[in-house]
Amino acid sequence: MTARIEQLRLRDLLLLEHIAEHGSLRKVAEALHVTQPAVTQALQGLEQAFGVELVERGRRGVSLTPAGNAALARLRVARREVSAALDAALTPQRPRLRLGSSPMAALDIVPQALAELRRALPEAHVVLTQTSVLRLWAALGDGELDAIASSRPVLGPGERPPPGVVVEGIGTERMVVAASRKHPLASMHPTVLQLAQHRWVLPPVGSQAVAMLDEWFSRAGLPPPRISITSDSFATNLRLASAGDLLTVAPETAVRNHAVALDLRVIATPWPHLPGELVFAYRTSSLDNPVFATLRGCFVSP
């Protein structure tokens, strides 16, 4: 089995991606500028190497079997790893690391870790991507990122984290309701009903902050908060809340950091949200890279 796999070329390994995209061996051949028999022969070699049927032939074309889809998920990661290897070979004196961060992790944990990394590896080049939790986990699973600092995703029934991913805890953060000190609710202990009667500035629908807030309102038998402004930046939301009569939800660290400058206040609410765990997640293969091991050491205490 190992000998057959080692004989495969990179183009053969990318064949499944082309089949998933085009659904036709003829169209795959046209895309690769080869003959259809050449594609068929490459596919046969690929299935022999894997020892399972990867593609299902039908009247309307071809599609990946469950085994083919599972293999494709890993092969996409391998393709991006090859691309990263080429970049590393071109600039060996300046190692490149692709790190993803959720807005919450970017408040405190990520800046501290990257400052430590710069002291350890001053020539390292970190490409930092900040986006939503779900997008971070998808990018890690697809091999677009080497590691992420984020909260755990909220998984649906039957969903699992990406295969081959290690998850390690690095801290906690609590979400709170905040507003300007001049807000009518600032000096109160408002009920959920009172909170529902005011307007909000919130992250986009689908974010974990909004999902938690919607669940809280739903348990109280109330519709979701009335959103006046949608913004995916906690810092922007806090500034908008401080400048008007809007409520918002943000990490407690962000509110405390901006409380004086923006004249903000944490609203004493009955919200049952407990501090959420922040994690550092990466693929198991990354630990073979000593540069990555240094990055991990800046996030995960021994």
# chains A, B, ... in the order shown; residues from 1 in each chain; ligands from 1

$ closest_atom_pairs --of "range 118-232 of chain A" --to "range 265-286 of chain A" --cutoff "10 Å" --atoms "only C-alpha atoms" --output "JSON lines"
{"residue": "A:Leu136", "atom": "CA", "partner": "A:Ala281", "partner_atom": "CA", "distance": 10.0}
{"residue": "A:Trp137", "atom": "CA", "partner": "A:Ala281", "partner_atom": "CA", "distance": 8.6}
{"residue": "A:Leu140", "atom": "CA", "partner": "A:Tyr282", "partner_atom": "CA", "distance": 7.2}
{"residue": "A:Gly141", "atom": "CA", "partner": "A:Arg283", "partner_atom": "CA", "distance": 8.1}
{"residue": "A:Gly143", "atom": "CA", "partner": "A:Arg283", "partner_atom": "CA", "distance": 8.6}
{"residue": "A:Leu145", "atom": "CA", "partner": "A:Tyr282", "partner_atom": "CA", "distance": 8.4}
{"residue": "A:Asp146", "atom": "CA", "partner": "A:Tyr282", "partner_atom": "CA", "distance": 6.2}
{"residue": "A:Ala147", "atom": "CA", "partner": "A:Tyr282", "partner_atom": "CA", "distance": 4.4}
{"residue": "A:Ile148", "atom": "CA", "partner": "A:Ala281", "partner_atom": "CA", "distance": 5.4}
{"residue": "A:Ala149", "atom": "CA", "partner": "A:Phe280", "partner_atom": "CA", "distance": 4.6}
{"residue": "A:Ser150", "atom": "CA", "partner": "A:Leu278", "partner_atom": "CA", "distance": 5.4}
{"residue": "A:Ser151", "atom": "CA", "partner": "A:Leu278", "partner_atom": "CA", "distance": 4.4}
{"residue": "A:Arg152", "atom": "CA", "partner": "A:Val279", "partner_atom": "CA", "distance": 6.9}
{"residue": "A:Pro162", "atom": "CA", "partner": "A:Arg283", "partner_atom": "CA", "distance": 8.9}
{"residue": "A:Pro163", "atom": "CA", "partner": "A:Arg283", "partner_atom": "CA", "distance": 8.3}
{"residue": "A:Gly164", "atom": "CA", "partner": "A:Arg283", "partner_atom": "CA", "distance": 5.6}
{"residue": "A:Val165", "atom": "CA", "partner": "A:Arg283", "partner_atom": "CA", "distance": 4.3}
{"residue": "A:Val166", "atom": "CA", "partner": "A:Tyr282", "partner_atom": "CA", "distance": 5.4}
{"residue": "A:Val167", "atom": "CA", "partner": "A:Ala281", "partner_atom": "CA", "distance": 4.4}
{"residue": "A:Glu168", "atom": "CA", "partner": "A:Phe280", "partner_atom": "CA", "distance": 5.3}
{"residue": "A:Gly169", "atom": "CA", "partner": "A:Val279", "partner_atom": "CA", "distance": 4.3}
{"residue": "A:Ile170", "atom": "CA", "partner": "A:Val279", "partner_atom": "CA", "distance": 5.1}
{"residue": "A:Gly171", "atom": "CA", "partner": "A:Leu278", "partner_atom": "CA", "distance": 5.1}
{"residue": "A:Thr172", "atom": "CA", "partner": "A:Glu277", "partner_atom": "CA", "distance": 4.4}
{"residue": "A:Glu173", "atom": "CA", "partner": "A:Pro275", "partner_atom": "CA", "distance": 5.1}
{"residue": "A:Arg174", "atom": "CA", "partner": "A:Pro275", "partner_atom": "CA", "distance": 4.1}
{"residue": "A:Met175", "atom": "CA", "partner": "A:Pro275", "partner_atom": "CA", "distance": 7.0}
{"residue": "A:Val176", "atom": "CA", "partner": "A:Val266", "partner_atom": "CA", "distance": 6.7}
{"residue": "A:Val177", "atom": "CA", "partner": "A:Ile267", "partner_atom": "CA", "distance": 5.5}
{"residue": "A:Ala178", "atom": "CA", "partner": "A:Val266", "partner_atom": "CA", "distance": 4.5}
{"residue": "A:Ala179", "atom": "CA", "partner": "A:Arg265", "partner_atom": "CA", "distance": 5.7}
{"residue": "A:Ser180", "atom": "CA", "partner": "A:Arg265", "partner_atom": "CA", "distance": 6.0}
{"residue": "A:Arg181", "atom": "CA", "partner": "A:Arg265", "partner_atom": "CA", "distance": 5.5}
{"residue": "A:Lys182", "atom": "CA", "partner": "A:Arg265", "partner_atom": "CA", "distance": 9.1}
{"residue": "A:His183", "atom": "CA", "partner": "A:Arg265", "partner_atom": "CA", "distance": 9.1}
{"residue": "A:Leu185", "atom": "CA", "partner": "A:Ile267", "partner_atom": "CA", "distance": 7.2}
{"residue": "A:Ala186", "atom": "CA", "partner": "A:Ile267", "partner_atom": "CA", "distance": 5.8}
{"residue": "A:Ser187", "atom": "CA", "partner": "A:Ile267", "partner_atom": "CA", "distance": 7.7}
{"residue": "A:Met188", "atom": "CA", "partner": "A:Ala268", "partner_atom": "CA", "distance": 7.1}
{"residue": "A:His189", "atom": "CA", "partner": "A:Ala268", "partner_atom": "CA", "distance": 5.1}
{"residue": "A:Pro190", "atom": "CA", "partner": "A:Thr269", "partner_atom": "CA", "distance": 5.9}
{"residue": "A:Thr191", "atom": "CA", "partner": "A:Thr269", "partner_atom": "CA", "distance": 6.8}
{"residue": "A:Val192", "atom": "CA", "partner": "A:Pro270", "partner_atom": "CA", "distance": 7.4}
{"residue": "A:Leu195", "atom": "CA", "partner": "A:Thr269", "partner_atom": "CA", "distance": 8.7}
{"residue": "A:Met212", "atom": "CA", "partner": "A:His273", "partner_atom": "CA", "distance": 7.8}
{"residue": "A:Leu213", "atom": "CA", "partner": "A:Trp271", "partner_atom": "CA", "distance": 8.5}
{"residue": "A:Trp216", "atom": "CA", "partner": "A:Trp271", "partner_atom": "CA", "distance": 7.1}
{"residue": "A:Phe217", "atom": "CA", "partner": "A:Trp271", "partner_atom": "CA", "distance": 9.4}

$ residues_around --residues "range 22-36 of chain A" --least-positions-apart "3" --cutoff "7 Å" --atoms "only C-alpha atoms" --output "ChimeraX atom specification"
/A:18-19,39-40,61-63

$ select_by_dssp --residues "range 82-189 of chain A" --states "helix (DSSP H, G or I)" --output "PyMOL selection string"
chain A and resi 82-90+105-107+109-120+133-141

$ closest_residue --among "A:Leu97, A:Leu264, A:Ala120, A:Leu16" --to "Val55 in chain A" --atoms "only C-alpha atoms"
A:Leu16

$ closest_atom_pairs --of "range 86-150 of chain A" --to "range 241-258 of chain A" --cutoff "9 Å" --atoms "only C-alpha atoms" --output "Markdown table"
| residue | atom | partner | partner_atom | distance |
| --- | --- | --- | --- | --- |
| A:Met104 | CA | A:Pro251 | CA | 6.5 |
| A:Leu107 | CA | A:Ala254 | CA | 6.7 |
| A:Asp108 | CA | A:Thr253 | CA | 7.9 |

$ atom_distance --atom1 "CA of Leu238 in chain A" --atom2 "CA of Pro153 in chain A"
23.9 Å

$ closest_residue --among "A:Leu99, A:Leu295, A:Arg226, A:Ala113" --to "Val126 in chain A" --atoms "only C-alpha atoms"
A:Leu99

$ select_by_dssp --residues "range 60-241 of chain A" --states "strand (DSSP E or B)" --output "short mmCIF file (atom, residue, chain, number, x, y, z; two decimals) with C-alpha atoms, in the first residue's frame"
data_model
loop_
_atom_site.label_atom_id
_atom_site.label_comp_id
_atom_site.auth_asym_id
_atom_site.auth_seq_id
_atom_site.Cartn_x
_atom_site.Cartn_y
_atom_site.Cartn_z
CA GLY A 61 -21.40 11.55 -14.79
CA VAL A 62 -19.17 10.77 -11.84
CA SER A 63 -19.29 11.70 -8.16
CA LEU A 64 -17.19 10.99 -5.12
CA ARG A 96 5.90 32.11 7.84
CA LEU A 97 3.07 31.13 10.16
CA ARG A 98 -0.64 31.39 9.34
CA LEU A 99 -2.61 32.14 12.51
CA GLY A 100 -6.33 32.70 12.83
CA SER A 101 -7.96 34.54 15.72
CA HIS A 125 6.42 36.40 9.65
CA VAL A 126 2.94 35.85 11.09
CA VAL A 127 -0.04 36.23 8.77
CA LEU A 128 -2.91 36.94 11.18
CA THR A 129 -6.49 36.39 10.05
CA GLN A 130 -9.32 37.61 12.25
CA ALA A 147 -3.45 27.24 13.95
CA ILE A 148 -6.29 29.23 15.46
CA ALA A 149 -6.97 30.91 18.80
CA SER A 150 -10.70 30.88 19.30
CA SER A 151 -13.62 29.64 21.31
CA VAL A 165 -7.01 18.56 14.90
CA VAL A 166 -5.64 19.00 18.44
CA VAL A 167 -7.47 21.40 20.78
CA GLU A 168 -5.82 22.82 23.93
CA GLY A 169 -7.30 25.26 26.42
CA ILE A 170 -5.60 28.66 26.78
CA GLY A 171 -8.02 30.76 28.86
CA THR A 172 -11.58 31.92 29.42
CA GLU A 173 -13.62 35.00 28.58
CA MET A 175 -19.56 37.98 27.55
CA VAL A 176 -21.45 40.88 29.14
CA VAL A 177 -24.10 43.43 28.22
CA ALA A 178 -22.70 46.98 28.03
CA ALA A 179 -23.93 50.49 27.36
CA SER A 180 -23.08 54.13 27.92
CA ARG A 199 -32.32 48.83 20.63
CA TRP A 200 -29.01 47.01 20.16
CA VAL A 201 -25.80 47.11 18.15
CA LEU A 202 -24.66 43.50 17.67
CA ARG A 226 -34.20 44.65 18.22
CA ILE A 227 -31.05 45.35 16.21
CA SER A 228 -30.41 48.88 14.97
CA ILE A 229 -26.83 48.32 13.77
CA THR A 230 -24.96 45.16 12.80
#

$ residues_around --residues "Leu54 in chain A" --least-positions-apart "3" --cutoff "6 Å" --atoms "only C-alpha atoms" --output "ChimeraX atom specification"
/A:64-65,67-68

$ residues_around --residues "Gln44 in chain A" --least-positions-apart "3" --cutoff "12 Å" --atoms "only C-alpha atoms" --output "NGL selection string"
:A and (4 or 8 or 12-13 or 15-16 or 37-41 or 47-55)

$ write_last_selection --atoms "C-alpha atoms" --output "short mmCIF file (atom, residue, chain, number, x, y, z; two decimals), in the first residue's frame"
data_model
loop_
_atom_site.label_atom_id
_atom_site.label_comp_id
_atom_site.auth_asym_id
_atom_site.auth_seq_id
_atom_site.Cartn_x
_atom_site.Cartn_y
_atom_site.Cartn_z
CA ARG A 4 1.77 2.38 -4.39
CA LEU A 8 1.53 8.75 -7.15
CA ASP A 12 -3.00 12.46 -9.32
CA LEU A 13 -3.77 13.43 -5.74
CA LEU A 15 -7.70 14.53 -9.33
CA LEU A 16 -10.47 14.07 -6.77
CA PRO A 37 -8.22 7.85 -21.12
CA ALA A 38 -5.30 9.47 -19.27
CA VAL A 39 -7.71 10.70 -16.58
CA THR A 40 -9.31 7.26 -16.32
CA GLN A 41 -5.89 5.63 -15.96
CA GLU A 47 -8.11 3.87 -6.35
CA GLN A 48 -5.60 1.01 -6.43
CA ALA A 49 -3.25 2.99 -4.19
CA PHE A 50 -6.03 3.77 -1.69
CA GLY A 51 -7.51 0.30 -1.91
CA VAL A 52 -11.12 1.57 -2.03
CA GLU A 53 -13.54 2.92 -4.59
CA LEU A 54 -13.21 6.71 -4.57
CA VAL A 55 -15.50 7.61 -7.48
#
